[in-house]
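Okay, upload.txt is below, compact mmCIF, C-alpha atoms:
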```txt
# COMPACT_ATOMS: atom_id res chain seq x y z
CA MET A 25 94.28 -178.33 158.77
CA ASP A 26 92.23 -177.49 155.70
CA ARG A 27 88.49 -177.59 156.26
CA ALA A 28 86.37 -179.80 154.03
CA PRO A 29 84.05 -177.95 151.65
CA GLU A 30 80.68 -177.32 153.27
CA SER A 31 78.97 -179.65 150.78
CA LEU A 32 81.19 -182.53 152.00
CA ARG A 33 80.88 -181.97 155.74
CA PRO A 34 79.15 -184.80 157.64
CA THR A 35 76.32 -182.52 158.79
CA ALA A 36 75.34 -181.53 155.21
CA LEU A 37 72.14 -183.15 153.93
CA ALA A 38 71.13 -183.79 150.32
CA ARG A 39 67.38 -183.26 150.10
CA GLY A 40 65.09 -185.21 147.80
CA GLY A 41 61.61 -184.68 146.42
CA LYS A 42 62.23 -184.45 142.68
CA SER A 43 62.66 -187.00 139.92
CA ILE A 44 65.25 -184.95 137.96
CA TYR A 45 67.80 -182.52 139.37
CA GLY A 46 69.80 -179.69 137.83
CA ALA A 47 67.17 -178.55 135.30
CA ALA A 48 65.15 -175.70 136.78
CA LEU A 49 63.34 -174.73 133.57
CA GLY A 50 60.51 -176.67 131.92
CA VAL A 51 59.61 -175.95 128.28
CA LEU A 52 56.16 -176.74 126.87
CA MET A 53 56.62 -177.67 123.21
CA LEU A 54 54.13 -177.55 120.36
CA ASP A 55 53.44 -180.77 118.49
CA ALA A 56 55.56 -180.23 115.36
CA ARG A 57 58.27 -181.92 113.28
CA PHE A 58 59.91 -179.08 111.34
CA PRO A 59 63.69 -178.56 111.68
CA ARG A 60 64.81 -176.85 114.88
CA ILE A 61 68.21 -175.35 114.19
CA PRO A 62 70.58 -174.07 116.92
CA GLY A 63 69.03 -170.96 118.39
CA ASP A 64 65.53 -172.37 118.04
CA MET A 65 63.90 -172.80 121.43
CA GLY A 66 63.25 -176.48 120.74
CA ASN A 67 66.92 -177.23 120.06
CA ALA A 68 68.42 -178.21 123.42
CA THR A 69 71.87 -176.93 122.38
CA THR A 70 70.42 -173.40 122.32
CA TRP A 71 70.50 -173.18 126.10
CA PRO A 72 73.58 -172.70 128.32
CA PHE A 73 71.75 -174.57 131.08
CA PRO A 74 69.80 -177.85 131.23
CA VAL A 75 66.10 -177.74 130.35
CA LEU A 76 63.20 -180.19 130.57
CA LEU A 77 61.15 -180.45 127.36
CA ARG A 78 57.60 -181.78 127.06
CA VAL A 79 55.56 -181.97 123.84
CA VAL A 80 51.85 -181.16 124.19
CA ARG A 81 50.24 -183.62 121.77
CA GLY A 82 47.62 -182.13 119.50
CA ALA A 83 48.84 -178.57 120.02
CA SER A 84 50.05 -178.04 116.45
CA PRO A 85 51.50 -174.69 115.32
CA GLU A 86 48.51 -174.24 113.02
CA ARG A 87 46.05 -174.81 115.86
CA VAL A 88 47.87 -172.55 118.32
CA VAL A 89 48.75 -169.70 115.94
CA LEU A 90 45.80 -169.70 113.55
CA ASP A 91 43.03 -170.94 115.86
CA ALA A 92 43.87 -169.22 119.16
CA ALA A 93 45.06 -172.51 120.73
CA ARG A 94 41.44 -173.57 120.96
CA GLY A 95 40.88 -176.62 123.16
CA THR A 96 44.51 -177.00 124.25
CA LEU A 97 44.65 -175.28 127.64
CA ASP A 98 44.12 -178.43 129.71
CA GLY A 99 46.83 -180.20 127.73
CA PHE A 100 49.30 -177.42 128.48
CA VAL A 101 48.35 -177.38 132.16
CA ASP A 102 48.77 -181.15 132.46
CA ALA A 103 52.15 -181.06 130.70
CA ALA A 104 53.33 -178.17 132.86
CA ARG A 105 52.33 -180.03 136.02
CA ASP A 106 54.27 -183.08 134.80
CA LEU A 107 57.36 -180.90 134.30
CA VAL A 108 57.00 -179.42 137.78
CA ASP A 109 56.61 -182.92 139.21
CA LEU A 110 59.85 -183.92 137.47
CA GLY A 111 61.72 -180.99 138.98
CA ALA A 112 61.04 -177.81 136.97
CA GLU A 113 60.85 -174.66 139.09
CA GLY A 114 59.70 -172.38 136.26
CA ILE A 115 57.73 -172.97 133.06
CA THR A 116 57.94 -171.42 129.60
CA THR A 117 56.46 -172.28 126.20
CA ASN A 118 57.76 -172.43 122.68
CA CYS A 119 55.12 -170.22 121.09
CA GLY A 120 54.59 -166.53 121.74
CA PHE A 121 50.90 -166.91 120.94
CA LEU A 122 50.51 -168.82 124.20
CA SER A 123 50.49 -165.49 126.01
CA LEU A 124 46.75 -166.24 125.96
CA PHE A 125 47.39 -168.82 128.69
CA GLN A 126 49.74 -166.76 130.86
CA HIS A 127 47.30 -166.18 133.70
CA GLU A 128 45.75 -169.65 133.64
CA LEU A 129 49.08 -171.49 133.59
CA ALA A 130 50.57 -169.41 136.41
CA GLU A 131 47.42 -169.90 138.48
CA ARG A 132 47.01 -173.63 137.91
CA VAL A 133 50.64 -174.76 137.87
CA GLY A 134 51.87 -172.90 140.94
CA VAL A 135 55.39 -171.91 139.80
CA PRO A 136 56.65 -168.85 137.88
CA VAL A 137 55.54 -168.92 134.22
CA ALA A 138 56.81 -166.94 131.23
CA THR A 139 54.71 -167.90 128.23
CA SER A 140 55.78 -165.39 125.59
CA ALA A 141 58.67 -163.24 124.38
CA LEU A 142 56.05 -160.49 124.06
CA MET A 143 56.22 -160.05 127.84
CA GLN A 144 59.46 -158.11 127.27
CA VAL A 145 57.77 -155.27 125.40
CA PRO A 146 56.98 -153.10 128.47
CA LEU A 147 60.50 -153.55 129.86
CA VAL A 148 62.20 -152.77 126.55
CA GLN A 149 59.95 -149.73 126.09
CA ALA A 150 61.14 -148.40 129.46
CA THR A 151 64.73 -148.42 128.20
CA LEU A 152 64.10 -146.33 125.09
CA PRO A 153 64.53 -142.56 124.70
CA PRO A 154 61.44 -140.36 124.43
CA GLY A 155 59.77 -140.63 121.03
CA ARG A 156 61.05 -144.16 120.34
CA ARG A 157 58.86 -147.27 120.46
CA VAL A 158 59.18 -151.03 120.56
CA GLY A 159 58.20 -152.85 117.38
CA VAL A 160 57.19 -156.51 117.17
CA ILE A 161 57.88 -159.08 114.47
CA THR A 162 55.52 -162.05 114.60
CA ILE A 163 55.05 -165.14 112.53
CA SER A 164 51.41 -164.22 111.86
CA ARG A 165 50.25 -160.62 112.10
CA THR A 166 46.73 -161.49 110.94
CA THR A 167 46.06 -163.75 113.94
CA LEU A 168 48.00 -161.91 116.65
CA THR A 169 44.99 -160.33 118.35
CA ASP A 170 44.43 -157.71 121.01
CA ALA A 171 43.80 -160.58 123.42
CA HIS A 172 47.34 -161.89 122.85
CA LEU A 173 48.79 -158.42 123.35
CA ASP A 174 46.71 -157.66 126.44
CA ALA A 175 47.77 -160.91 128.10
CA ALA A 176 51.44 -159.99 127.64
CA GLY A 177 51.04 -156.34 128.66
CA VAL A 178 51.71 -155.07 125.12
CA PRO A 179 50.00 -151.81 124.06
CA ARG A 180 47.45 -152.45 121.34
CA ASP A 181 48.89 -149.75 119.09
CA THR A 182 52.35 -151.36 119.05
CA PRO A 183 53.86 -151.43 115.52
CA ILE A 184 53.80 -155.04 114.30
CA ALA A 185 54.96 -156.85 111.15
CA GLY A 186 54.40 -160.51 110.22
CA THR A 187 55.95 -163.14 107.98
CA GLU A 188 52.76 -164.57 106.46
CA ASN A 189 53.60 -163.24 103.01
CA GLY A 190 57.15 -164.56 103.00
CA ARG A 191 58.49 -167.42 100.95
CA GLU A 192 59.58 -169.92 103.59
CA PHE A 193 59.30 -169.24 107.32
CA PHE A 194 55.51 -169.18 107.73
CA ARG A 195 54.66 -171.97 105.30
CA VAL A 196 57.16 -174.43 106.80
CA LEU A 197 56.61 -173.68 110.49
CA ILE A 198 52.85 -173.08 110.45
CA MET A 199 51.40 -174.67 107.34
CA ALA A 200 53.81 -177.65 107.46
CA GLU A 201 54.01 -177.71 103.67
CA LYS A 202 57.36 -179.50 103.84
CA MET A 203 59.81 -180.97 106.34
CA ASP A 204 62.88 -179.12 105.08
CA LEU A 205 63.65 -175.49 105.93
CA ASP A 206 65.65 -173.26 103.59
CA VAL A 207 67.40 -171.25 106.28
CA ARG A 208 68.49 -168.49 103.92
CA LEU A 209 64.96 -167.93 102.68
CA ALA A 210 63.64 -168.03 106.24
CA ALA A 211 66.19 -165.40 107.27
CA GLN A 212 65.18 -163.24 104.33
CA ASP A 213 61.52 -163.41 105.39
CA ILE A 214 62.42 -162.05 108.82
CA LEU A 215 64.74 -159.38 107.44
CA ASP A 216 62.01 -158.29 105.02
CA ALA A 217 59.50 -158.06 107.88
CA GLY A 218 61.92 -155.98 109.92
CA ARG A 219 62.66 -153.58 107.09
CA ASP A 220 58.97 -153.20 106.35
CA LEU A 221 58.26 -152.49 110.02
CA VAL A 222 60.89 -149.77 110.27
CA ALA A 223 59.90 -148.24 106.93
CA ARG A 224 56.28 -147.91 108.11
CA HIS A 225 57.22 -146.88 111.64
CA PRO A 226 60.51 -144.97 111.69
CA GLU A 227 60.00 -144.27 115.39
CA VAL A 228 60.77 -147.91 116.21
CA GLY A 229 63.85 -148.02 118.42
CA ALA A 230 64.00 -151.72 119.34
CA ILE A 231 62.52 -155.01 118.14
CA VAL A 232 60.92 -157.87 120.05
CA LEU A 233 60.57 -161.15 118.14
CA GLU A 234 57.36 -162.91 119.11
CA CYS A 235 58.18 -166.27 117.55
CA THR A 236 60.40 -168.68 119.48
CA ASN A 237 61.81 -169.99 116.19
CA MET A 238 63.26 -166.55 115.31
CA PRO A 239 66.31 -166.27 117.62
CA PRO A 240 68.64 -167.87 115.01
CA TYR A 241 68.00 -164.80 112.85
CA ALA A 242 68.18 -162.12 115.56
CA HIS A 243 71.84 -161.31 114.98
CA ALA A 244 71.33 -160.78 111.24
CA LEU A 245 68.30 -158.59 111.96
CA ARG A 246 70.32 -156.50 114.41
CA GLU A 247 73.04 -156.03 111.80
CA SER A 248 70.49 -155.10 109.14
CA LEU A 249 68.44 -152.62 111.16
CA GLY A 250 71.02 -151.32 113.60
CA LEU A 251 68.50 -151.70 116.44
CA PRO A 252 68.46 -153.82 119.61
CA VAL A 253 66.64 -157.12 119.12
CA PHE A 254 65.05 -159.10 121.95
CA ASP A 255 63.56 -162.59 121.69
CA ILE A 256 62.64 -165.66 123.68
CA HIS A 257 66.33 -166.38 124.29
CA SER A 258 66.84 -163.04 126.01
CA LEU A 259 63.65 -163.48 128.05
CA ILE A 260 64.42 -167.01 129.22
CA THR A 261 68.06 -166.26 129.97
CA TRP A 262 66.77 -163.51 132.30
CA PHE A 263 64.02 -165.77 133.68
CA HIS A 264 66.46 -168.59 134.43
CA ALA A 265 68.84 -166.16 136.14
CA GLY A 266 66.14 -165.64 138.75
CA LEU A 267 65.50 -169.36 139.15
CA ARG A 268 69.21 -170.04 139.46
CA PRO A 269 71.14 -166.88 140.51
CA LYS A 270 74.87 -167.06 139.90
CA ASP A 271 76.74 -168.30 142.97
CA PHE A 272 79.57 -165.90 143.80
CA GLY A 273 80.47 -167.81 146.95
CA PRO A 274 79.53 -167.12 150.58
CA PRO A 275 79.29 -163.37 151.21
CA ALA A 276 81.38 -163.71 154.37
CA ASP A 277 84.24 -165.23 152.36
CA ARG A 278 84.08 -162.39 149.84
CA ALA A 279 84.15 -159.82 152.64
CA THR A 280 87.26 -161.48 154.11
CA CYS A 281 89.02 -161.45 150.75
CA LEU A 282 88.27 -157.74 150.38
CA GLY A 283 89.54 -156.99 153.87
CA LEU A 284 86.10 -155.85 155.08
```

Just give me the structure of the file as structure tokens.
Amino acid sequence: MDRAPESLRPTALARGGKSIYGAALGVLMLDARFPRIPGDMGNATTWPFPVLLRVVRGASPERVVLDAARGTLDGFVDAARDLVDLGAEGITTNCGFLSLFQHELAERVGVPVATSALMQVPLVQATLPPGRRVGVITISRTTLTDAHLDAAGVPRDTPIAGTENGREFFRVLIMAEKMDLDVRLAAQDILDAGRDLVARHPEVGAIVLECTNMPPYAHALRESLGLPVFDIHSLITWFHAGLRPKDFGPPADRATCLGL
């Protein structure tokens, strides 16, 4: 007689304790209304797994990026705790500048936290050949300080380029000058920043995109520069893989199938 799957056996128990199940990742969102196209961290279709989203009211892109997120820490902590109470087992944010809060959030929320795509820089650097370096593209080079870099473990002398002088990306996402986003112009701003970075620092062997709104343009940047490009999507895909490792079935069953 065939045995019932373990999950359906009478002795199996379904355990409670959460409000929402099946979404291990909580995302702290800035308070913004600009378009979030597929690939943007705030577009739920970007993720191949369910996520819980929570907007932190008052934490505008301008305040977080241009004013060092001044006065917003408690709001992020409260929102993160709400997400954990709902069922999140790990927390991330949708702004790389929130690396400033990495230590405080991890300490006060009590679950794993990955605040910024910048946290990948040391790992990516370890993969590169001698003489090659990681370069960073950020939405705002002028306000990405040593404190942001230190909090993410990024060397202070890392080559960095920003999009402040572009035509579209910075002024729509940070300055909120309009509600519409010209995606082609935004892409050009990021490509221009990448080309400028490599021209000034030919030793750059890989790129990390600080801004969580940049993943939609990562493929085009990779094609343009011929270099590996890492972003918040690559970081959170890795992060989530630890929260929810792939189930390959019971090891004993695999051993039987292999004749071990």

Per residue of range 97-142 of chain A within 8 Å of range 64-76 of chain A, which atom pair is closest and at what distance in Å (one decimal), using only C-alpha atoms, listed by chain and increasing number, as JSON lines?
```
{"residue": "A:Leu107", "atom": "CA", "partner": "A:Leu76", "partner_atom": "CA", "distance": 7.0}
{"residue": "A:Ala112", "atom": "CA", "partner": "A:Leu76", "partner_atom": "CA", "distance": 7.2}
{"residue": "A:Asn118", "atom": "CA", "partner": "A:Met65", "partner_atom": "CA", "distance": 6.3}
```

Write out as a ChimeraX atom specification the residues lying within 6 Å of range 229-244 of chain A, counting only C-alpha atoms and excluding same-chain residues fewer than 4 positions away. /A:63-65,118-120,141-142,156-162,211,251-256

How would the residues just picked look written out with C-alpha atoms as an mmCIF file, keeping the file's coordinate frame?
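As a result, out.cif now contains:
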```cif
data_model
loop_
_atom_site.group_PDB
_atom_site.id
_atom_site.type_symbol
_atom_site.label_atom_id
_atom_site.label_comp_id
_atom_site.auth_asym_id
_atom_site.auth_seq_id
_atom_site.Cartn_x
_atom_site.Cartn_y
_atom_site.Cartn_z
ATOM 1 C CA GLY A 63 69.030 -170.960 118.390
ATOM 2 C CA ASP A 64 65.530 -172.370 118.040
ATOM 3 C CA MET A 65 63.900 -172.800 121.430
ATOM 4 C CA ASN A 118 57.760 -172.430 122.680
ATOM 5 C CA CYS A 119 55.120 -170.220 121.090
ATOM 6 C CA GLY A 120 54.590 -166.530 121.740
ATOM 7 C CA ALA A 141 58.670 -163.240 124.380
ATOM 8 C CA LEU A 142 56.050 -160.490 124.060
ATOM 9 C CA ARG A 156 61.050 -144.160 120.340
ATOM 10 C CA ARG A 157 58.860 -147.270 120.460
ATOM 11 C CA VAL A 158 59.180 -151.030 120.560
ATOM 12 C CA GLY A 159 58.200 -152.850 117.380
ATOM 13 C CA VAL A 160 57.190 -156.510 117.170
ATOM 14 C CA ILE A 161 57.880 -159.080 114.470
ATOM 15 C CA THR A 162 55.520 -162.050 114.600
ATOM 16 C CA ALA A 211 66.190 -165.400 107.270
ATOM 17 C CA LEU A 251 68.500 -151.700 116.440
ATOM 18 C CA PRO A 252 68.460 -153.820 119.610
ATOM 19 C CA VAL A 253 66.640 -157.120 119.120
ATOM 20 C CA PHE A 254 65.050 -159.100 121.950
ATOM 21 C CA ASP A 255 63.560 -162.590 121.690
ATOM 22 C CA ILE A 256 62.640 -165.660 123.680
#
```

Residues of range 174-207 of chain A that have any atom at most 9 Å from an atom of range 213-225 of chain A: could you tabulate them with the shortest-distance atom pair and the distance in Å to one decimal, using only C-alpha atoms, ordered by chain and increasing number, as CSV?
```
residue,atom,partner,partner_atom,distance
A:Pro183,CA,A:His225,CA,6.9
A:Ile184,CA,A:Leu221,CA,6.7
A:Ala185,CA,A:Leu221,CA,5.6
A:Gly186,CA,A:Ala217,CA,6.1
A:Thr187,CA,A:Asp213,CA,6.1
A:Glu188,CA,A:Asp213,CA,8.9
A:Asn189,CA,A:Asp213,CA,8.3
A:Gly190,CA,A:Asp213,CA,5.1
A:Arg191,CA,A:Asp213,CA,6.7
A:Glu192,CA,A:Asp213,CA,7.0
A:Phe193,CA,A:Asp213,CA,6.5
A:Phe194,CA,A:Asp213,CA,8.7
```

Between CA of Ala265 in chain A and CA of Gly250 in chain A, what is the distance in Å, rounded to a tenth? 27.1 Å

Which distance in Å separates CA of Ala138 in chain A and CA of Ser258 in chain A, to one decimal?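 One can read the CA of Ala138 in chain A to CA of Ser258 in chain A distance as 12.0 Å.
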
Reconstructed range 215-235 of chain A, atom set N, CA and C atoms, as a PDB file, in the coordinates of the input:
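Written output follows (result-v4.pdb):
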```
ATOM      1  N   LEU A 215      64.116-160.667 107.783  1.00  0.00           N
ATOM      2  CA  LEU A 215      64.740-159.380 107.440  1.00  0.00           C
ATOM      3  C   LEU A 215      63.762-158.484 106.695  1.00  0.00           C
ATOM      4  N   ASP A 216      63.001-159.069 105.775  1.00  0.00           N
ATOM      5  CA  ASP A 216      62.010-158.290 105.020  1.00  0.00           C
ATOM      6  C   ASP A 216      60.949-157.715 105.964  1.00  0.00           C
ATOM      7  N   ALA A 217      60.500-158.536 106.930  1.00  0.00           N
ATOM      8  CA  ALA A 217      59.500-158.060 107.880  1.00  0.00           C
ATOM      9  C   ALA A 217      60.054-156.921 108.726  1.00  0.00           C
ATOM     10  N   GLY A 218      61.304-157.037 109.128  1.00  0.00           N
ATOM     11  CA  GLY A 218      61.920-155.980 109.920  1.00  0.00           C
ATOM     12  C   GLY A 218      62.073-154.689 109.152  1.00  0.00           C
ATOM     13  N   ARG A 219      62.499-154.781 107.908  1.00  0.00           N
ATOM     14  CA  ARG A 219      62.660-153.580 107.090  1.00  0.00           C
ATOM     15  C   ARG A 219      61.321-152.926 106.807  1.00  0.00           C
ATOM     16  N   ASP A 220      60.307-153.742 106.564  1.00  0.00           N
ATOM     17  CA  ASP A 220      58.970-153.200 106.350  1.00  0.00           C
ATOM     18  C   ASP A 220      58.469-152.485 107.596  1.00  0.00           C
ATOM     19  N   LEU A 221      58.706-153.087 108.758  1.00  0.00           N
ATOM     20  CA  LEU A 221      58.260-152.490 110.020  1.00  0.00           C
ATOM     21  C   LEU A 221      58.889-151.119 110.232  1.00  0.00           C
ATOM     22  N   VAL A 222      60.189-151.028 110.038  1.00  0.00           N
ATOM     23  CA  VAL A 222      60.890-149.770 110.270  1.00  0.00           C
ATOM     24  C   VAL A 222      60.534-148.733 109.216  1.00  0.00           C
ATOM     25  N   ALA A 223      60.293-149.181 107.989  1.00  0.00           N
ATOM     26  CA  ALA A 223      59.900-148.240 106.930  1.00  0.00           C
ATOM     27  C   ALA A 223      58.537-147.621 107.244  1.00  0.00           C
ATOM     28  N   ARG A 224      57.619-148.415 107.772  1.00  0.00           N
ATOM     29  CA  ARG A 224      56.280-147.910 108.110  1.00  0.00           C
ATOM     30  C   ARG A 224      56.258-147.153 109.428  1.00  0.00           C
ATOM     31  N   HIS A 225      57.190-147.488 110.311  1.00  0.00           N
ATOM     32  CA  HIS A 225      57.220-146.880 111.640  1.00  0.00           C
ATOM     33  C   HIS A 225      58.656-146.478 111.976  1.00  0.00           C
ATOM     34  N   PRO A 226      59.121-145.385 111.441  1.00  0.00           N
ATOM     35  CA  PRO A 226      60.510-144.970 111.690  1.00  0.00           C
ATOM     36  C   PRO A 226      60.805-144.653 113.140  1.00  0.00           C
ATOM     37  N   GLU A 227      59.777-144.530 113.969  1.00  0.00           N
ATOM     38  CA  GLU A 227      60.000-144.270 115.390  1.00  0.00           C
ATOM     39  C   GLU A 227      60.407-145.516 116.167  1.00  0.00           C
ATOM     40  N   VAL A 228      60.385-146.678 115.523  1.00  0.00           N
ATOM     41  CA  VAL A 228      60.770-147.910 116.210  1.00  0.00           C
ATOM     42  C   VAL A 228      62.241-147.847 116.612  1.00  0.00           C
ATOM     43  N   GLY A 229      62.486-148.093 117.898  1.00  0.00           N
ATOM     44  CA  GLY A 229      63.850-148.020 118.420  1.00  0.00           C
ATOM     45  C   GLY A 229      64.387-149.343 118.921  1.00  0.00           C
ATOM     46  N   ALA A 230      63.573-150.378 118.935  1.00  0.00           N
ATOM     47  CA  ALA A 230      64.000-151.720 119.340  1.00  0.00           C
ATOM     48  C   ALA A 230      62.956-152.711 118.838  1.00  0.00           C
ATOM     49  N   ILE A 231      63.381-153.957 118.671  1.00  0.00           N
ATOM     50  CA  ILE A 231      62.520-155.010 118.140  1.00  0.00           C
ATOM     51  C   ILE A 231      62.378-156.128 119.168  1.00  0.00           C
ATOM     52  N   VAL A 232      61.159-156.637 119.305  1.00  0.00           N
ATOM     53  CA  VAL A 232      60.920-157.870 120.050  1.00  0.00           C
ATOM     54  C   VAL A 232      60.371-158.902 119.071  1.00  0.00           C
ATOM     55  N   LEU A 233      61.005-160.059 119.021  1.00  0.00           N
ATOM     56  CA  LEU A 233      60.570-161.150 118.140  1.00  0.00           C
ATOM     57  C   LEU A 233      59.597-162.038 118.917  1.00  0.00           C
ATOM     58  N   GLU A 234      58.365-162.087 118.440  1.00  0.00           N
ATOM     59  CA  GLU A 234      57.360-162.910 119.110  1.00  0.00           C
ATOM     60  C   GLU A 234      57.653-164.397 119.015  1.00  0.00           C
ATOM     61  N   CYS A 235      58.082-164.838 117.852  1.00  0.00           N
ATOM     62  CA  CYS A 235      58.180-166.270 117.550  1.00  0.00           C
ATOM     63  C   CYS A 235      59.429-166.883 118.165  1.00  0.00           C
TER      64      CYS A 235
END
```
